[in-house]
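Q: Take a look at input28.txt, compact mmCIF, C-alpha atoms and all ligand atoms:
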# COMPACT_ATOMS: atom_id res chain seq x y z
CA MET U 190 18.39 -55.29 40.07
CA PRO U 191 18.33 -58.13 37.59
CA GLY U 192 19.50 -61.34 39.17
CA ASN U 193 22.34 -61.97 36.75
CA GLN U 194 25.24 -60.76 38.83
CA ASN U 195 24.68 -63.23 41.68
CA GLN U 196 28.01 -64.56 42.89
CA GLY U 197 30.35 -62.42 40.76
CA VAL U 198 31.67 -58.85 41.05
CA PRO U 199 28.78 -56.55 42.04
CA LEU U 200 27.38 -54.22 39.41
CA LEU U 201 29.13 -50.85 39.39
CA ALA U 202 26.18 -48.85 38.18
CA ASP U 203 22.69 -48.69 39.65
CA PHE U 204 20.30 -47.69 36.90
CA GLY U 205 17.18 -49.08 38.58
CA GLU U 206 15.60 -51.79 36.47
CA PHE U 207 18.00 -51.00 33.62
CA GLY U 208 21.57 -52.06 32.96
CA GLY U 209 22.95 -55.31 34.32
CA ARG U 210 25.43 -57.79 32.96
CA TYR U 211 23.81 -60.16 30.44
CA VAL U 212 26.68 -61.98 28.79
CA ALA U 213 27.69 -65.54 27.98
CA GLU U 214 29.31 -67.46 30.84
CA THR U 215 32.64 -67.43 28.95
CA LEU U 216 32.67 -63.62 28.91
CA MET U 217 31.78 -63.13 32.55
CA PRO U 218 35.43 -63.22 33.74
CA ALA U 219 36.43 -60.49 31.25
CA VAL U 220 33.48 -58.30 32.15
CA GLU U 221 34.16 -58.82 35.85
CA GLU U 222 37.82 -57.98 35.33
CA LEU U 223 36.74 -54.69 33.78
CA ALA U 224 34.35 -54.06 36.65
CA ARG U 225 37.22 -54.63 39.10
CA GLU U 226 39.98 -52.84 37.22
CA TRP U 227 38.17 -49.87 35.72
CA PRO U 228 37.53 -48.07 39.05
CA ARG U 229 41.13 -48.69 40.10
CA ALA U 230 42.48 -47.24 36.87
CA TRP U 231 40.12 -44.26 37.02
CA ALA U 232 41.19 -43.50 40.58
CA ASP U 233 44.89 -43.87 39.77
CA PRO U 234 46.55 -40.44 39.35
CA GLU U 235 49.02 -41.89 36.86
CA PHE U 236 46.24 -43.23 34.61
CA GLN U 237 44.40 -39.91 34.88
CA GLU U 238 47.53 -37.97 34.04
CA THR U 239 48.22 -40.08 30.94
CA TYR U 240 44.59 -39.87 29.78
CA ARG U 241 44.42 -36.07 30.30
CA THR U 242 47.72 -35.57 28.49
CA ILE U 243 46.50 -37.54 25.47
CA LEU U 244 43.25 -35.56 25.45
CA ARG U 245 45.26 -32.34 25.45
CA ASP U 246 48.09 -33.17 23.05
CA TYR U 247 46.36 -35.55 20.63
CA VAL U 248 42.58 -35.08 20.79
CA GLY U 249 42.88 -31.28 21.11
CA ARG U 250 41.13 -30.64 24.42
CA PRO U 251 39.73 -28.57 25.93
CA THR U 252 37.39 -27.94 23.02
CA ALA U 253 35.91 -24.46 22.69
CA LEU U 254 32.58 -23.27 24.01
CA THR U 255 31.25 -21.04 21.26
CA PRO U 256 28.52 -18.45 21.79
CA ALA U 257 25.97 -18.65 18.95
CA PRO U 258 24.25 -15.25 18.95
CA ARG U 259 22.91 -15.38 15.40
CA LEU U 260 21.44 -18.83 15.96
CA ALA U 261 19.88 -17.58 19.22
CA GLU U 262 18.39 -14.63 17.40
CA ALA U 263 17.01 -16.84 14.64
CA LEU U 264 15.35 -19.09 17.21
CA GLY U 265 14.25 -16.24 19.44
CA CYS U 266 16.04 -16.99 22.67
CA ARG U 267 18.45 -15.16 24.94
CA ALA U 268 21.59 -17.19 24.40
CA ILE U 269 22.89 -20.45 22.97
CA TYR U 270 26.32 -21.90 23.65
CA LEU U 271 27.80 -24.69 21.56
CA LYS U 272 30.22 -27.20 23.06
CA ARG U 273 32.52 -27.87 20.14
CA GLU U 274 33.18 -31.62 20.06
CA ASP U 275 33.37 -31.20 16.28
CA LEU U 276 36.82 -29.75 16.90
CA CYS U 277 38.16 -32.99 18.41
CA HIS U 278 40.67 -34.98 16.38
CA THR U 279 38.64 -37.20 13.98
CA GLY U 280 35.76 -34.71 14.14
CA ALA U 281 33.55 -35.97 16.95
CA HIS U 282 33.42 -36.95 20.62
CA LYS U 283 33.91 -40.71 20.02
CA ILE U 284 37.70 -40.44 20.29
CA ASN U 285 37.48 -39.42 24.00
CA ASN U 286 36.11 -42.88 24.79
CA CYS U 287 38.35 -44.82 22.43
CA VAL U 288 41.66 -43.45 23.71
CA GLY U 289 40.50 -44.08 27.29
CA GLN U 290 39.48 -47.68 26.64
CA VAL U 291 42.61 -48.55 24.68
CA LEU U 292 44.71 -47.02 27.46
CA LEU U 293 42.85 -49.22 29.95
CA ALA U 294 43.35 -52.27 27.72
CA LYS U 295 47.10 -51.65 27.73
CA ARG U 296 47.09 -51.36 31.51
CA LEU U 297 45.29 -54.73 31.67
CA GLY U 298 47.97 -56.29 29.47
CA LYS U 299 45.67 -56.82 26.49
CA THR U 300 47.49 -56.95 23.17
CA ARG U 301 44.61 -56.86 20.71
CA ILE U 302 41.56 -54.61 20.26
CA ILE U 303 38.24 -55.41 18.64
CA ALA U 304 35.21 -53.25 17.94
CA GLU U 305 32.05 -53.33 15.92
CA THR U 306 30.76 -50.48 13.86
CA GLY U 307 27.60 -49.59 11.98
CA ALA U 308 28.36 -46.72 9.66
CA GLY U 309 32.03 -46.82 10.53
CA GLN U 310 32.49 -43.80 12.79
CA HIS U 311 33.22 -45.81 15.93
CA GLY U 312 35.42 -48.12 13.86
CA VAL U 313 37.44 -45.15 12.63
CA ALA U 314 37.80 -43.73 16.16
CA THR U 315 38.91 -47.12 17.50
CA ALA U 316 41.34 -47.66 14.61
CA THR U 317 42.74 -44.19 15.30
CA ALA U 318 43.30 -44.95 19.00
CA CYS U 319 44.91 -48.30 18.12
CA ALA U 320 47.28 -46.65 15.64
CA TYR U 321 48.18 -44.10 18.32
CA PHE U 322 49.01 -46.84 20.82
CA GLY U 323 50.42 -49.31 18.29
CA LEU U 324 47.94 -52.12 18.97
CA PRO U 325 46.36 -54.39 16.34
CA CYS U 326 42.69 -53.66 15.70
CA VAL U 327 39.92 -55.76 14.15
CA VAL U 328 36.64 -54.04 13.31
CA TYR U 329 33.48 -56.06 12.61
CA MET U 330 31.14 -54.43 10.17
CA GLY U 331 28.01 -55.71 8.43
CA ALA U 332 28.73 -56.48 4.77
CA GLU U 333 25.87 -54.17 3.76
CA ASP U 334 27.50 -51.36 5.72
CA VAL U 335 30.93 -52.14 4.25
CA ALA U 336 29.42 -51.55 0.82
CA ARG U 337 27.50 -48.43 1.86
CA GLN U 338 30.31 -46.80 3.86
CA ALA U 339 33.28 -47.35 1.58
CA LEU U 340 35.06 -44.17 2.71
CA ASN U 341 35.11 -45.20 6.35
CA VAL U 342 36.38 -48.65 5.37
CA VAL U 343 39.27 -46.97 3.53
CA ARG U 344 39.94 -44.79 6.57
CA MET U 345 40.07 -47.79 8.90
CA ARG U 346 42.39 -49.69 6.56
CA LEU U 347 44.67 -46.68 6.17
CA LEU U 348 44.89 -46.54 9.95
CA GLY U 349 46.04 -50.15 9.94
CA ALA U 350 42.85 -51.83 11.15
CA GLU U 351 41.48 -55.04 9.70
CA VAL U 352 37.83 -54.67 8.68
CA ARG U 353 35.94 -57.98 8.83
CA PRO U 354 32.67 -57.93 6.91
CA VAL U 355 29.86 -59.92 8.58
CA THR U 356 27.51 -61.57 6.12
CA SER U 357 25.07 -63.29 8.50
CA GLY U 358 21.55 -62.00 9.17
CA SER U 359 20.81 -58.65 7.59
CA ALA U 360 24.59 -57.96 7.40
CA THR U 361 24.23 -54.72 9.40
CA LEU U 362 25.07 -53.45 12.85
CA LYS U 363 23.40 -56.12 14.96
CA ASP U 364 25.26 -58.80 13.03
CA ALA U 365 28.52 -56.90 13.49
CA ILE U 366 27.83 -56.86 17.25
CA ASN U 367 27.35 -60.63 17.19
CA GLY U 368 30.60 -61.01 15.23
CA ALA U 369 32.53 -58.94 17.78
CA LEU U 370 31.01 -60.87 20.71
CA ARG U 371 31.96 -64.20 19.09
CA ASP U 372 35.53 -62.98 18.60
CA TRP U 373 35.66 -61.81 22.22
CA VAL U 374 34.49 -65.20 23.50
CA ALA U 375 37.24 -66.92 21.51
CA ASN U 376 40.05 -64.47 22.38
CA VAL U 377 39.08 -63.04 25.72
CA HIS U 378 42.50 -63.76 27.30
CA ASP U 379 44.33 -61.15 25.21
CA THR U 380 41.58 -59.03 23.64
CA HIS U 381 39.67 -55.94 24.77
CA TYR U 382 36.32 -55.12 23.18
CA VAL U 383 35.90 -51.35 22.76
CA ILE U 384 32.20 -50.53 22.95
CA GLY U 385 31.43 -47.19 21.35
CA SER U 386 28.63 -45.75 23.43
CA VAL U 387 27.08 -45.93 26.91
CA MET U 388 25.85 -49.43 26.06
CA GLY U 389 26.65 -53.02 26.76
CA PRO U 390 27.08 -54.99 29.99
CA ASP U 391 28.05 -53.27 33.24
CA PRO U 392 30.58 -51.61 33.64
CA TYR U 393 30.65 -50.32 30.05
CA PRO U 394 27.80 -47.79 30.30
CA LEU U 395 29.37 -46.25 33.39
CA MET U 396 32.92 -46.43 32.03
CA VAL U 397 32.01 -44.79 28.72
CA ARG U 398 30.06 -42.07 30.54
CA GLU U 399 33.09 -41.31 32.71
CA LEU U 400 35.36 -41.21 29.64
CA GLN U 401 32.96 -38.73 28.01
CA ARG U 402 32.19 -36.61 31.07
CA VAL U 403 35.15 -34.40 30.16
CA ILE U 404 32.68 -32.77 27.74
CA GLY U 405 30.34 -31.74 30.54
CA ASP U 406 33.06 -30.89 33.04
CA GLU U 407 34.70 -28.52 30.57
CA ALA U 408 31.41 -27.05 29.37
CA ARG U 409 30.18 -26.39 32.92
CA ALA U 410 33.32 -24.42 33.82
CA GLN U 411 33.29 -22.62 30.47
CA ILE U 412 29.66 -21.51 30.61
CA LEU U 413 30.13 -20.31 34.19
CA ALA U 414 33.12 -18.30 33.00
CA HIS U 415 31.12 -16.85 30.07
CA THR U 416 27.84 -16.07 31.81
CA GLY U 417 28.39 -16.41 35.56
CA ALA U 418 25.49 -18.85 35.71
CA LEU U 419 24.43 -22.35 34.79
CA PRO U 420 22.38 -22.80 31.60
CA ASP U 421 18.64 -23.37 31.83
CA ALA U 422 18.92 -26.49 29.73
CA VAL U 423 21.50 -28.84 28.25
CA VAL U 424 20.63 -30.44 24.92
CA ALA U 425 22.27 -33.31 23.05
CA CYS U 426 21.38 -35.84 20.37
CA VAL U 427 21.02 -39.47 21.42
CA GLY U 428 22.06 -42.53 19.47
CA GLY U 429 23.44 -44.93 22.04
CA GLY U 430 23.71 -41.87 24.21
CA SER U 431 27.39 -41.23 24.94
CA ASN U 432 27.76 -37.59 23.94
CA ALA U 433 24.55 -36.83 25.81
CA MET U 434 25.64 -38.71 28.96
CA GLY U 435 29.05 -37.04 28.75
CA VAL U 436 27.55 -33.58 28.87
CA PHE U 437 24.65 -34.49 31.21
CA ALA U 438 27.02 -36.01 33.78
CA ALA U 439 28.29 -32.60 34.90
CA PHE U 440 24.78 -31.13 35.30
CA VAL U 441 22.69 -34.02 36.59
CA GLY U 442 23.20 -32.79 40.16
CA ASP U 443 22.00 -29.26 39.32
CA PRO U 444 18.22 -29.33 39.72
CA SER U 445 17.81 -25.97 37.93
CA VAL U 446 19.33 -27.35 34.72
CA ARG U 447 16.94 -29.28 32.51
CA LEU U 448 18.37 -32.13 30.46
CA TYR U 449 17.03 -32.88 26.98
CA GLY U 450 17.99 -35.76 24.71
CA VAL U 451 16.90 -35.74 21.08
CA GLU U 452 16.44 -39.04 19.26
CA ALA U 453 15.86 -39.68 15.57
CA THR U 454 12.33 -40.31 14.32
CA GLY U 455 13.70 -40.82 10.79
CA GLU U 456 10.84 -40.95 8.31
CA GLY U 457 8.29 -40.92 11.14
CA ILE U 458 7.33 -43.46 13.80
CA PRO U 459 4.25 -44.75 11.86
CA SER U 460 6.51 -45.53 8.87
CA GLY U 461 8.48 -48.01 10.94
CA ARG U 462 11.65 -46.38 9.60
CA HIS U 463 12.98 -44.57 12.67
CA ALA U 464 15.40 -44.88 15.58
CA ALA U 465 13.03 -43.59 18.27
CA THR U 466 13.92 -46.03 21.03
CA MET U 467 12.49 -43.85 23.80
CA ALA U 468 9.19 -43.18 22.04
CA ALA U 469 8.64 -46.58 20.46
CA GLY U 470 10.95 -49.09 22.17
CA ALA U 471 10.13 -51.64 24.84
CA VAL U 472 12.16 -53.01 27.72
CA GLY U 473 14.33 -55.88 26.59
CA VAL U 474 17.76 -57.47 26.88
CA TYR U 475 20.13 -56.65 24.05
CA HIS U 476 23.89 -56.16 23.66
CA GLY U 477 24.52 -57.44 27.18
CA MET U 478 22.19 -55.06 29.02
CA ARG U 479 18.57 -54.48 29.92
CA SER U 480 17.27 -51.27 28.40
CA LEU U 481 14.75 -49.95 25.93
CA VAL U 482 15.07 -51.64 22.56
CA LEU U 483 13.22 -51.34 19.27
CA GLN U 484 11.49 -54.69 18.80
CA THR U 485 8.71 -56.32 16.89
CA ASP U 486 5.54 -57.60 18.61
CA ASP U 487 7.14 -61.02 19.05
CA GLY U 488 10.28 -59.56 20.60
CA GLN U 489 12.62 -59.70 17.59
CA LEU U 490 15.04 -56.83 17.20
CA GLN U 491 13.71 -54.19 14.83
CA GLU U 492 16.22 -52.44 12.58
CA ALA U 493 16.59 -48.72 13.15
CA HIS U 494 16.62 -46.03 10.50
CA SER U 495 17.86 -42.47 10.52
CA ILE U 496 19.41 -40.23 7.90
CA SER U 497 22.25 -39.87 10.37
CA ALA U 498 24.29 -43.04 10.59
CA GLY U 499 25.32 -42.39 14.19
CA LEU U 500 21.74 -42.34 15.48
CA ASP U 501 20.77 -45.42 13.51
CA TYR U 502 20.86 -47.79 16.49
CA PRO U 503 17.97 -49.87 17.88
CA GLY U 504 18.89 -49.51 21.56
CA ILE U 505 19.74 -46.80 24.04
CA GLY U 506 22.08 -46.68 27.01
CA PRO U 507 20.48 -47.92 30.25
CA GLU U 508 21.27 -44.71 32.14
CA HIS U 509 19.13 -42.77 29.67
CA ALA U 510 16.26 -45.20 30.21
CA PHE U 511 16.77 -44.63 33.93
CA LEU U 512 16.96 -40.82 33.65
CA ARG U 513 13.77 -40.82 31.66
CA ALA U 514 11.94 -43.14 34.07
CA SER U 515 12.96 -40.93 36.98
CA GLY U 516 11.91 -37.78 35.12
CA ARG U 517 15.37 -36.18 35.45
CA ALA U 518 15.87 -36.02 31.67
CA ARG U 519 13.34 -35.54 28.88
CA TYR U 520 13.56 -36.98 25.38
CA LEU U 521 12.06 -35.72 22.17
CA GLY U 522 12.17 -36.84 18.56
CA VAL U 523 13.28 -35.14 15.36
CA GLY U 524 12.98 -36.50 11.82
CA ASP U 525 15.30 -36.64 8.81
CA ASP U 526 13.90 -33.52 7.13
CA GLU U 527 14.07 -31.39 10.26
CA ALA U 528 17.69 -32.44 10.77
CA LEU U 529 18.56 -31.43 7.21
CA ALA U 530 16.96 -28.03 7.78
CA ALA U 531 18.89 -27.58 11.01
CA ILE U 532 22.22 -28.22 9.27
CA GLN U 533 21.49 -25.32 6.96
CA LEU U 534 20.36 -23.09 9.80
CA LEU U 535 23.56 -23.53 11.80
CA ALA U 536 25.73 -23.28 8.70
CA ARG U 537 24.18 -19.98 7.70
CA THR U 538 23.84 -18.37 11.11
CA GLU U 539 27.16 -19.38 12.64
CA GLY U 540 29.39 -20.70 9.87
CA ILE U 541 29.52 -24.17 11.39
CA ILE U 542 28.42 -27.26 9.47
CA PRO U 543 27.36 -29.85 12.08
CA ALA U 544 27.07 -33.60 11.69
CA LEU U 545 23.62 -34.91 10.81
CA GLU U 546 23.48 -36.49 14.29
CA THR U 547 24.17 -33.14 15.93
CA ALA U 548 21.62 -31.47 13.68
CA HIS U 549 18.92 -33.46 15.51
CA ALA U 550 19.82 -31.70 18.76
CA LEU U 551 19.62 -28.33 17.00
CA ALA U 552 16.31 -29.21 15.38
CA GLY U 553 14.91 -29.98 18.82
CA LEU U 554 15.56 -26.44 20.09
CA PRO U 555 12.29 -24.81 18.98
CA ALA U 556 10.24 -27.35 20.95
CA ILE U 557 12.49 -26.91 23.99
CA LEU U 558 12.24 -23.13 23.79
CA GLY U 559 8.48 -23.54 23.56
CA GLU U 560 8.65 -25.02 27.05
CA LEU U 561 11.30 -22.75 28.54
CA GLY U 562 10.44 -19.41 26.97
CA ALA U 563 12.54 -16.81 25.17
CA ASP U 564 14.54 -15.90 28.24
CA ALA U 565 16.35 -19.24 28.28
CA THR U 566 20.08 -19.84 27.96
CA LEU U 567 20.82 -23.17 26.28
CA LEU U 568 23.92 -25.31 26.13
CA VAL U 569 23.97 -27.57 23.08
CA ASN U 570 26.53 -30.31 22.65
CA LEU U 571 27.86 -30.05 19.10
CA SER U 572 28.84 -33.71 18.94
CA GLY U 573 30.53 -33.71 15.53
CA ARG U 574 31.30 -31.99 12.27
CA GLY U 575 29.37 -32.42 9.07
CA ASP U 576 32.08 -33.14 6.51
CA LYS U 577 31.35 -36.86 6.59
CA ASP U 578 27.70 -36.16 5.71
CA MET U 579 28.16 -33.97 2.65
CA HIS U 580 27.35 -36.81 0.28
CA THR U 581 24.01 -37.45 2.03
CA VAL U 582 23.25 -33.75 2.17
CA MET U 583 24.03 -33.35 -1.52
CA LYS U 584 21.69 -36.18 -2.47
CA ARG U 585 18.84 -35.05 -0.24
CA LEU U 586 18.76 -31.28 -0.36
CA ASP U 587 16.79 -29.59 -3.06
CA PRO U 588 19.44 -27.65 -4.98
CA ALA U 589 17.15 -24.64 -4.86
CA ALA U 590 17.50 -24.68 -1.10
CA LEU U 591 21.22 -24.18 -1.53
CA GLY U 592 20.58 -21.08 -3.58
CA LEU U 593 22.27 -22.48 -6.66
CA ILE U 594 19.32 -22.11 -9.00
CA GLY U 595 18.49 -19.03 -11.00
CA GLU U 596 22.04 -17.76 -11.26
CA GLY U 597 23.01 -19.90 -14.18
CA ARG U 598 25.36 -21.87 -11.93
CA LEU U 599 23.65 -25.25 -12.26
CA PRO U 600 24.10 -27.32 -15.40
C1 LIG P 1 28.25 -41.57 16.86
C2 LIG P 1 27.77 -40.17 16.94
C3 LIG P 1 26.64 -39.80 17.70
C4 LIG P 1 25.79 -40.81 18.41
O1 LIG P 1 26.41 -41.52 19.41
P1 LIG P 1 26.12 -41.25 20.95
O2 LIG P 1 26.73 -42.39 21.64
O3 LIG P 1 24.64 -41.18 21.14
O4 LIG P 1 26.76 -39.95 21.28
C5 LIG P 1 26.28 -38.47 17.76
N1 LIG P 1 26.97 -37.52 17.08
C6 LIG P 1 28.06 -37.83 16.35
C7 LIG P 1 28.76 -36.74 15.61
C8 LIG P 1 28.48 -39.16 16.24
O5 LIG P 1 29.55 -39.45 15.49
Could you express the structure from this file as structure tokens?
Ligand SMILES: *Cc1c(COP(=O)(O)O)cnc(C)c1O

A:
Amino acid sequence: MPGNQNQGVPLLADFGEFGGRYVAETLMPAVEELAREWPRAWADPEFQETYRTILRDYVGRPTALTPAPRLAEALGCRAIYLKREDLCHTGAHKINNCVGQVLLAKRLGKTRIIAETGAGQHGVATATACAYFGLPCVVYMGAEDVARQALNVVRMRLLGAEVRPVTSGSATLKDAINGALRDWVANVHDTHYVIGSVMGPDPYPLMVRELQRVIGDEARAQILAHTGALPDAVVACVGGGSNAMGVFAAFVGDPSVRLYGVEATGEGIPSGRHAATMAAGAVGVYHGMRSLVLQTDDGQLQEAHSISAGLDYPGIGPEHAFLRASGRARYLGVGDDEALAAIQLLARTEGIIPALETAHALAGLPAILGELGADATLLVNLSGRGDKDMHTVMKRLDPAALGLIGEGRLP
């Protein structure tokens, strides 16, 4: 393991050469407090009971497992089951993590929550959890993103959060991360930093995975109840990797179940405009952890691109890097256009409009079926709903593809 945990609290997670605790000296006590207190909270029946009750009464769990027979027929496979995280309150899985972390923060006596956000989805989920618990919330967001994601800024403000635009650097996600880290250094005594995916210094990647594993635990029991057997493969899209780790966690010990993560190749890896950390990243230290990171030849962070805001992240959780290195999970890439096509496919075959992020997982299915054959039963994590993406879809889709031309219905 990296030699950065020397005399402090031992690392909670062993992800081989990945992970670790790379933070400023001033933050080490807060990170070590989390590493000490998180396992205690998670093992405490009272904490569990409160968390489970919130998931049931507020988030809307358990979410459904929906058979998708018309999608399976269209793709030529035996069966596909969709784990419906799109039905969670706020429309995606992120809320599972946010309510858990804010609950932990309260237990630790913290009175203030901070977060950073790229497109705003994690900011909205954190602001939601803070409103639920009645805690003040500050969300750092690159000024570029504030301008591009006006709707999410309104949502956060409605929920009572303060959105602080960050104007340094390229005024995007990495600068927002720096803003949040600076705030945390200054206010660490009373402030908890809610990280939104299986990222960051130990114990965050492990903690966020455990807060999302409810997805996999539910889905495993549900698919056994539906089919009497485990699926042949579990498929999820990967930005930072939290919805994928949440569903993988319940199946990683089942050798017969293959695990597939799908990352965003955007406009194509040669274009440089992609978020394909697995395919094109290199090992580096970023956001408090050692993992794969998109970087230039001289080791500078390279900005990510994807049509889906939630996959537009230049790193990946260290456990994914570990699962790939060990061969337990496989990762493939899907581009912007394929994701747009997959949205239409699911909408038309099953009457479900998925998020653009989720559409990457769906667009990866033909390649996966190519490996597994037509007899396969697949479990796909439907990480979120597509309502937030309608503006992007409207701009990008050829109106003819929506069937609006030729009927006199277009101006
Ligand atoms: C944020 C988001 C993702 C990507 O985040 P992960 O941590 O990789 O899960 C995927 N799908 C949806 C709907 C999202 O909002």

Q: When distances are computed from only C-alpha atoms, which of U:Gly562, U:Gly506, U:Gly312, U:Gly417 shows the smallest separation from Met396 of chain U?

A: U:Gly506

Q: Would you pick out the contacts of Cys319 of chain U at 8 Å or less, using all atoms listed in the file, so that residues sharing its chain but fewer than 5 positions from it are not included, and give the list as a PyMOL selection string?

A: chain U and resi 291+302+324-326

Q: Could you tell me, counting all atoms listed in the file, which protein and nucleic acid residues lie no more than 7 Å from ligand LIG 1 (chain P), written as a PyMOL selection string?

A: chain U and resi 281-283+310-311+385-387+426-433+499-500+544+546-547+572-574

Q: Counting all atoms listed in the file, which of U:Leu347, U:Leu254, U:Leu340, U:Glu399 gets nearest to Arg273 of chain U?

A: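 Answer, going by the shortest atom-to-atom distance: U:Leu254.
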
Q: Could you check the closest approach to Tyr475 of chain U for each of U:Val377, U:Leu561, U:Ala518, U:Ile505 and tell me which residue wins, using only C-alpha atoms?

A: U:Ile505

Q: Given the choices U:Ala339, U:Glu226, U:Val482, U:Pro256, which gets closest to Leu297 of chain U if the distance is worked out from only C-alpha atoms?

A: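 Closest residue, counting only C-alpha atoms: U:Glu226.
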
Q: Please measure the separation of atom CA of Thr252 of chain U and atom CA of Arg402 of chain U, giving the value in Å to one decimal.

A: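 So the two atoms, atom CA of Thr252 of chain U and atom CA of Arg402 of chain U, lie 12.9 Å apart.
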
Q: Could you give me, as a PDB file with C-alpha atoms, in the coordinates of the input, the residues within 8 Å of Ala464 of chain U, counting only C-alpha atoms and dropping anything in the same chain fewer than 2 positions from it?

A:
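Below is the file result-v6.pdb, written as the result:
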ATOM      1  CA  GLU U 452      16.440 -39.040  19.260  1.00  0.00           C
ATOM      2  CA  ALA U 453      15.860 -39.680  15.570  1.00  0.00           C
ATOM      3  CA  THR U 454      12.330 -40.310  14.320  1.00  0.00           C
ATOM      4  CA  GLY U 455      13.700 -40.820  10.790  1.00  0.00           C
ATOM      5  CA  ARG U 462      11.650 -46.380   9.600  1.00  0.00           C
ATOM      6  CA  THR U 466      13.920 -46.030  21.030  1.00  0.00           C
ATOM      7  CA  LEU U 483      13.220 -51.340  19.270  1.00  0.00           C
ATOM      8  CA  ALA U 493      16.590 -48.720  13.150  1.00  0.00           C
ATOM      9  CA  HIS U 494      16.620 -46.030  10.500  1.00  0.00           C
ATOM     10  CA  SER U 495      17.860 -42.470  10.520  1.00  0.00           C
ATOM     11  CA  LEU U 500      21.740 -42.340  15.480  1.00  0.00           C
ATOM     12  CA  ASP U 501      20.770 -45.420  13.510  1.00  0.00           C
ATOM     13  CA  TYR U 502      20.860 -47.790  16.490  1.00  0.00           C
ATOM     14  CA  PRO U 503      17.970 -49.870  17.880  1.00  0.00           C
TER      15      PRO U 503
END

Q: Of the candidates U:Ser497, U:His415, U:Ala253, U:His549, which one gets nearest to Asp578 of chain U if we count all atoms listed in the file?

A: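 Looking only at the distances to Asp578 of chain U, the closest residue turns out to be U:Ser497.
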
Q: Counting all atoms listed in the file, find residues at most 7 Å from (28.1, -27.9, 7.5) (file frame) and give them as a count of residues only.

A: 7

Q: With distances taken over all atoms listed in the file, which of U:Thr315, U:Lys577, U:Thr306, U:Asp391 is nearest to Pro354 of chain U?

A: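 Of the candidates, the smallest distance to Pro354 of chain U is held by U:Thr306.
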
Q: Which residues are near Gly307 of chain U? Cut-off 7 Å, all atoms listed in the file, ignore same chain within fewer than 4 positions. Put them as a list in words.

A: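 Counting only the stated atoms, we get Met330, Asp334, Thr361 and Leu362 of chain U.
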
Q: Store the residues of this selection in a file with C-alpha atoms, as a PDB file, in the frame of the given file.

A:
ATOM      1  CA  MET U 330      31.140 -54.430  10.170  1.00  0.00           C
ATOM      2  CA  ASP U 334      27.500 -51.360   5.720  1.00  0.00           C
ATOM      3  CA  THR U 361      24.230 -54.720   9.400  1.00  0.00           C
ATOM      4  CA  LEU U 362      25.070 -53.450  12.850  1.00  0.00           C
TER       5      LEU U 362
END

Q: Quick one: pull the distance between atom CA of Phe322 of chain U and atom CA of Val397 of chain U, Å, one decimal.

A: 18.9 Å

Q: Using only C-alpha atoms, what residues lie at most 9 Å away from (21.7, -48.2, 29.7) (file coordinates), given as a list in words?

A: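 Every residue inside that radius is included here: Phe204, Phe207, Gly208, Gly209, Val387, Met388, Gly389, Pro390, Asp391, Pro394, Leu395, Gly429, Gly430, Met478, Arg479, Ser480, Leu481, Gly504, Ile505, Gly506, Pro507, Glu508, His509, Ala510 and Phe511 of chain U.
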
Q: Model the absent atoms of segment 265-274 of chain U so that N, CA and C atoms are present, and write the result as a PDB file, in the frame of the given file.

A:
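Once everything was written out, this is part.pdb:
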ATOM      1  N   GLY U 265      14.969 -17.076  18.483  1.00  0.00           N
ATOM      2  CA  GLY U 265      14.250 -16.240  19.440  1.00  0.00           C
ATOM      3  C   GLY U 265      14.501 -16.627  20.884  1.00  0.00           C
ATOM      4  N   CYS U 266      15.765 -16.773  21.250  1.00  0.00           N
ATOM      5  CA  CYS U 266      16.040 -16.990  22.670  1.00  0.00           C
ATOM      6  C   CYS U 266      17.230 -16.152  23.100  1.00  0.00           C
ATOM      7  N   ARG U 267      17.449 -16.082  24.410  1.00  0.00           N
ATOM      8  CA  ARG U 267      18.450 -15.160  24.940  1.00  0.00           C
ATOM      9  C   ARG U 267      19.855 -15.546  24.498  1.00  0.00           C
ATOM     10  N   ALA U 268      20.215 -16.809  24.728  1.00  0.00           N
ATOM     11  CA  ALA U 268      21.590 -17.190  24.400  1.00  0.00           C
ATOM     12  C   ALA U 268      21.701 -18.685  24.171  1.00  0.00           C
ATOM     13  N   ILE U 269      22.567 -19.042  23.221  1.00  0.00           N
ATOM     14  CA  ILE U 269      22.890 -20.450  22.970  1.00  0.00           C
ATOM     15  C   ILE U 269      24.408 -20.580  22.965  1.00  0.00           C
ATOM     16  N   TYR U 270      24.882 -21.593  23.657  1.00  0.00           N
ATOM     17  CA  TYR U 270      26.320 -21.900  23.650  1.00  0.00           C
ATOM     18  C   TYR U 270      26.518 -23.293  23.075  1.00  0.00           C
ATOM     19  N   LEU U 271      27.526 -23.414  22.225  1.00  0.00           N
ATOM     20  CA  LEU U 271      27.800 -24.690  21.560  1.00  0.00           C
ATOM     21  C   LEU U 271      29.085 -25.291  22.106  1.00  0.00           C
ATOM     22  N   LYS U 272      29.010 -26.514  22.624  1.00  0.00           N
ATOM     23  CA  LYS U 272      30.220 -27.200  23.060  1.00  0.00           C
ATOM     24  C   LYS U 272      30.783 -27.936  21.852  1.00  0.00           C
ATOM     25  N   ARG U 273      32.022 -27.567  21.471  1.00  0.00           N
ATOM     26  CA  ARG U 273      32.520 -27.870  20.140  1.00  0.00           C
ATOM     27  C   ARG U 273      33.271 -29.204  20.057  1.00  0.00           C
ATOM     28  N   GLU U 274      32.540 -30.310  20.236  1.00  0.00           N
ATOM     29  CA  GLU U 274      33.180 -31.620  20.060  1.00  0.00           C
ATOM     30  C   GLU U 274      33.553 -31.890  18.605  1.00  0.00           C
TER      31      GLU U 274
END
